[in-house]
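Reading through the structure tokens given below for one structure.
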Amino acid sequence: VQREDVLLLSFPLTPELNQTVTVQPDGFINLQNAGSLHVQGLTVPQLADAVKQAYVGVLHDPIVDVDLKDFQKPFFTVSGQVGKPGQYELREDLTVAEAIAVAGGMAPTAKTQIFLFHRVSNGWFEVEKIDLKDVLKGKRVNEDEVVRPGDMIYVPEKFIANFKKYVPYSMNAGTYLQPNPL
């Protein structure tokens, strides 16, 4: 259970206590006739036990059913030199190369050395540098990391593409000046 999850609490023997609650930003829910209860980080069975315990003073041997009605779906983010940067739902196990393909593939200006930011905890990331050149050629495919919920993939720009923006130049190898034959 996480913040913003919507929970349906059903009391089969006392339906007047049935309620839909949303987990607050601080991790608490407000229960009808039983006060507040911290639920963030609990599993649904643990939550059912906690709600039963909260209603012990109100009901004798309460029976409670808990359903997760709406929840934050796991996601990953891809930014930088890809076709469609953005946030995507993580519906199945994906590798970094597959996640980049979901985001429209690498742009022509993209480096093959990308960065994967794994969310370790709130506010902390572990950064891995992955060279996709070998992975995409079928070498060292075991280095293609699996994307976890909350991860961010950053595909940087090639140095030369970045350099071209600031230093205008043109080269035409087929042009040369011929002396005027007078």
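For the structure tokens, the naming scheme is as follows: chains receive sequential letters (A, B, ...) according to their order of presentation, residues are indexed from 1 within each chain, and ligands are indexed from 1 in presentation order.
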Write out as a PyMOL selection string the residues lying within 12 Å of Val66 in chain A, counting only C-alpha atoms and excluding same-chain residues fewer than 3 positions away. chain A and resi 1+6-12+18-21+43-52+63+69
Quick one: which range 50-159 of chain A residues come within 12 Å of range 26-33 of chain A, and what is the nearest atom pair for each with the distance in Å to one decimal, counting only C-alpha atoms, rows ordered by chain and ascending number, as a Markdown table?
| residue | atom | partner | partner_atom | distance |
| --- | --- | --- | --- | --- |
| A:Ala50 | CA | A:Leu31 | CA | 11.3 |
| A:Val51 | CA | A:Leu31 | CA | 8.4 |
| A:Lys52 | CA | A:Leu31 | CA | 11.1 |
| A:Gln53 | CA | A:Leu31 | CA | 11.9 |
| A:Ala54 | CA | A:Leu31 | CA | 8.6 |
| A:Tyr55 | CA | A:Asn33 | CA | 8.1 |
| A:Val56 | CA | A:Asn33 | CA | 11.1 |
| A:Gly57 | CA | A:Asn33 | CA | 9.8 |
| A:Val58 | CA | A:Asn33 | CA | 7.5 |
| A:Leu59 | CA | A:Asn33 | CA | 10.2 |
What is the CA of Lys84 in chain A to CA of Asp5 in chain A distance in Å?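 It comes out at 28.3 Å.
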Quick one: residues within 7 Å of Gly105 in chain A, only C-alpha atoms, excluding same-chain residues fewer than 3 positions away - as a VMD selection string? chain A and resid 82 to 83 100 to 102
Next, the residues of the selection above should be written as a PDB file, in the first residue's frame with C-alpha atoms.
ATOM      1  CA  VAL A  82      15.144   8.969 -27.764  1.00  0.00           C
ATOM      2  CA  GLY A  83      12.175   9.192 -30.105  1.00  0.00           C
ATOM      3  CA  ILE A 100      14.452   2.464 -24.975  1.00  0.00           C
ATOM      4  CA  ALA A 101      12.594   0.748 -27.831  1.00  0.00           C
ATOM      5  CA  VAL A 102       9.284   1.460 -26.039  1.00  0.00           C
TER       6      VAL A 102
END
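Backbone DSSP of range 37-84 of chain A yields helix (DSSP H, G or I) at Val44, Pro45, Gln46, Leu47, Ala48, Asp49, Ala50, Val51, Lys52, Gln53 and Ala54 of chain A.
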Export of prior selection with N, CA and C atoms as an mmCIF file, in the first residue's frame:
data_model
loop_
_atom_site.group_PDB
_atom_site.id
_atom_site.type_symbol
_atom_site.label_atom_id
_atom_site.label_comp_id
_atom_site.auth_asym_id
_atom_site.auth_seq_id
_atom_site.Cartn_x
_atom_site.Cartn_y
_atom_site.Cartn_z
ATOM 1 N N VAL A 44 -1.874 -6.001 1.557
ATOM 2 C CA VAL A 44 -3.327 -5.989 1.749
ATOM 3 C C VAL A 44 -3.739 -6.891 2.914
ATOM 4 N N PRO A 45 -3.200 -8.117 3.067
ATOM 5 C CA PRO A 45 -3.563 -8.921 4.247
ATOM 6 C C PRO A 45 -3.148 -8.255 5.569
ATOM 7 N N GLN A 46 -1.969 -7.632 5.594
ATOM 8 C CA GLN A 46 -1.548 -6.925 6.806
ATOM 9 C C GLN A 46 -2.483 -5.758 7.093
ATOM 10 N N LEU A 47 -2.928 -5.078 6.047
ATOM 11 C CA LEU A 47 -3.856 -3.970 6.205
ATOM 12 C C LEU A 47 -5.187 -4.453 6.770
ATOM 13 N N ALA A 48 -5.691 -5.587 6.273
ATOM 14 C CA ALA A 48 -6.945 -6.148 6.791
ATOM 15 C C ALA A 48 -6.821 -6.438 8.285
ATOM 16 N N ASP A 49 -5.690 -7.012 8.698
ATOM 17 C CA ASP A 49 -5.475 -7.287 10.128
ATOM 18 C C ASP A 49 -5.414 -5.996 10.938
ATOM 19 N N ALA A 50 -4.756 -4.973 10.405
ATOM 20 C CA ALA A 50 -4.635 -3.698 11.113
ATOM 21 C C ALA A 50 -5.995 -3.018 11.267
ATOM 22 N N VAL A 51 -6.828 -3.089 10.224
ATOM 23 C CA VAL A 51 -8.170 -2.497 10.304
ATOM 24 C C VAL A 51 -9.019 -3.266 11.331
ATOM 25 N N LYS A 52 -8.925 -4.596 11.330
ATOM 26 C CA LYS A 52 -9.646 -5.402 12.337
ATOM 27 C C LYS A 52 -9.238 -4.966 13.742
ATOM 28 N N GLN A 53 -7.942 -4.795 13.941
ATOM 29 C CA GLN A 53 -7.423 -4.386 15.256
ATOM 30 C C GLN A 53 -7.931 -2.986 15.630
ATOM 31 N N ALA A 54 -8.034 -2.103 14.648
ATOM 32 C CA ALA A 54 -8.512 -0.742 14.917
ATOM 33 C C ALA A 54 -9.981 -0.734 15.334
#
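Considering only C-alpha atoms, the residue among A:Val155, A:Ala97, A:Val147, A:Val135 positioned nearest to Phe75 in chain A is A:Val147.
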Within 6 Å of range 126-130 of chain A, counting only C-alpha atoms, which residues show up once you throw out same-chain ones fewer than 4 positions away? Write them as an mmCIF file with all heavy atoms, in the first residue's frame, please.
data_model
loop_
_atom_site.group_PDB
_atom_site.id
_atom_site.type_symbol
_atom_site.label_atom_id
_atom_site.label_comp_id
_atom_site.auth_asym_id
_atom_site.auth_seq_id
_atom_site.Cartn_x
_atom_site.Cartn_y
_atom_site.Cartn_z
ATOM 1 N N GLN A 113 26.429 4.818 -24.795
ATOM 2 C CA GLN A 113 26.693 4.702 -23.361
ATOM 3 C C GLN A 113 25.608 5.485 -22.643
ATOM 4 O O GLN A 113 25.586 6.711 -22.697
ATOM 5 C CB GLN A 113 28.067 5.229 -22.997
ATOM 6 C CG GLN A 113 29.177 4.352 -23.511
ATOM 7 C CD GLN A 113 30.536 4.878 -23.082
ATOM 8 O OE1 GLN A 113 30.679 6.038 -22.732
ATOM 9 N NE2 GLN A 113 31.523 4.007 -23.116
ATOM 10 N N ILE A 114 24.691 4.767 -22.005
ATOM 11 C CA ILE A 114 23.549 5.413 -21.366
ATOM 12 C C ILE A 114 23.672 5.257 -19.854
ATOM 13 O O ILE A 114 24.485 4.488 -19.356
ATOM 14 C CB ILE A 114 22.214 4.841 -21.893
ATOM 15 C CG1 ILE A 114 22.116 3.334 -21.639
ATOM 16 C CG2 ILE A 114 22.085 5.079 -23.373
ATOM 17 C CD1 ILE A 114 21.259 3.008 -20.509
ATOM 18 N N PHE A 115 22.838 5.992 -19.144
ATOM 19 C CA PHE A 115 22.838 5.937 -17.685
ATOM 20 C C PHE A 115 21.500 5.413 -17.191
ATOM 21 O O PHE A 115 20.445 5.844 -17.652
ATOM 22 C CB PHE A 115 23.089 7.332 -17.092
ATOM 23 C CG PHE A 115 24.432 7.881 -17.442
ATOM 24 C CD1 PHE A 115 24.588 8.749 -18.507
ATOM 25 C CD2 PHE A 115 25.551 7.502 -16.709
ATOM 26 C CE1 PHE A 115 25.835 9.253 -18.840
ATOM 27 C CE2 PHE A 115 26.797 7.999 -17.039
ATOM 28 C CZ PHE A 115 26.948 8.870 -18.105
ATOM 29 N N LEU A 116 21.565 4.475 -16.240
ATOM 30 C CA LEU A 116 20.374 3.917 -15.616
ATOM 31 C C LEU A 116 20.379 4.331 -14.155
ATOM 32 O O LEU A 116 21.319 4.019 -13.420
ATOM 33 C CB LEU A 116 20.372 2.394 -15.741
ATOM 34 C CG LEU A 116 19.257 1.653 -15.006
ATOM 35 C CD1 LEU A 116 17.887 2.036 -15.552
ATOM 36 C CD2 LEU A 116 19.470 0.151 -15.115
ATOM 37 N N PHE A 117 19.343 5.039 -13.756
ATOM 38 C CA PHE A 117 19.199 5.481 -12.371
ATOM 39 C C PHE A 117 18.191 4.558 -11.686
ATOM 40 O O PHE A 117 17.000 4.622 -11.972
ATOM 41 C CB PHE A 117 18.684 6.929 -12.314
ATOM 42 C CG PHE A 117 19.619 7.933 -12.903
ATOM 43 C CD1 PHE A 117 19.674 8.155 -14.267
ATOM 44 C CD2 PHE A 117 20.448 8.670 -12.075
ATOM 45 C CE1 PHE A 117 20.542 9.090 -14.810
ATOM 46 C CE2 PHE A 117 21.327 9.609 -12.609
ATOM 47 C CZ PHE A 117 21.364 9.816 -13.978
ATOM 48 N N HIS A 118 18.697 3.668 -10.796
ATOM 49 C CA HIS A 118 17.811 2.791 -10.016
ATOM 50 C C HIS A 118 17.400 3.531 -8.751
ATOM 51 O O HIS A 118 18.253 4.027 -8.019
ATOM 52 C CB HIS A 118 18.533 1.515 -9.555
ATOM 53 C CG HIS A 118 18.694 0.473 -10.606
ATOM 54 N ND1 HIS A 118 17.634 -0.118 -11.246
ATOM 55 C CD2 HIS A 118 19.802 -0.113 -11.102
ATOM 56 C CE1 HIS A 118 18.095 -1.029 -12.092
ATOM 57 N NE2 HIS A 118 19.407 -1.036 -12.030
#
Can you pull out the residues contacting Gln81 in chain A? Cut-off 7 Å, using only C-alpha atoms, and skip same-chain residues under 5 positions away; I want them as a VMD selection string. chain A and resid 106 to 107 109 to 110 155 to 157
A:Glu98, A:Gly123, A:Ala103, A:Gln24 ranked by distance to Asp144 in chain A, top pick (using only C-alpha atoms):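 Closest residue, counting only C-alpha atoms: A:Glu98.
When the distance limit is 9 Å and only C-alpha atoms are what count, the residues near Gln87 in chain A, minus those fewer than 3 positions from it on the same chain, are Phe75, Phe76, Thr77, Val78, Ser79, Ala103 and Met152 of chain A.
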C-alpha atoms of the current selection, written as a PDB file, in the first residue's frame:
ATOM      1  CA  PHE A  75       6.482   3.154 -14.146  1.00  0.00           C
ATOM      2  CA  PHE A  76       9.868   4.010 -15.625  1.00  0.00           C
ATOM      3  CA  THR A  77      11.100   7.198 -17.275  1.00  0.00           C
ATOM      4  CA  VAL A  78      13.232   7.574 -20.404  1.00  0.00           C
ATOM      5  CA  SER A  79      14.801  10.926 -21.238  1.00  0.00           C
ATOM      6  CA  ALA A 103      10.351   5.125 -25.896  1.00  0.00           C
ATOM      7  CA  MET A 152      15.052   6.487 -15.036  1.00  0.00           C
TER       8      MET A 152
END
Please, what distance in Å, to one decimal, runs between CA of Phe125 in chain A and CA of Gly138 in chain A?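 Separation between CA of Phe125 in chain A and CA of Gly138 in chain A: 28.3 Å.
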If I take CA of Arg140 in chain A and CA of Thr95 in chain A, how far is one from the other in Å, to one decimal? 13.3 Å
Nearest residue to Arg148 in chain A out of A:Gly104, A:Gly86, A:Pro74, A:Gly80, using only C-alpha atoms?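 Result for the nearest residue to Arg148 in chain A: A:Pro74.
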So which one's closest to Ile153 in chain A, A:Asp61, A:Asp67, A:Gln2, A:Pro85? Using only C-alpha atoms, please. A:Pro85
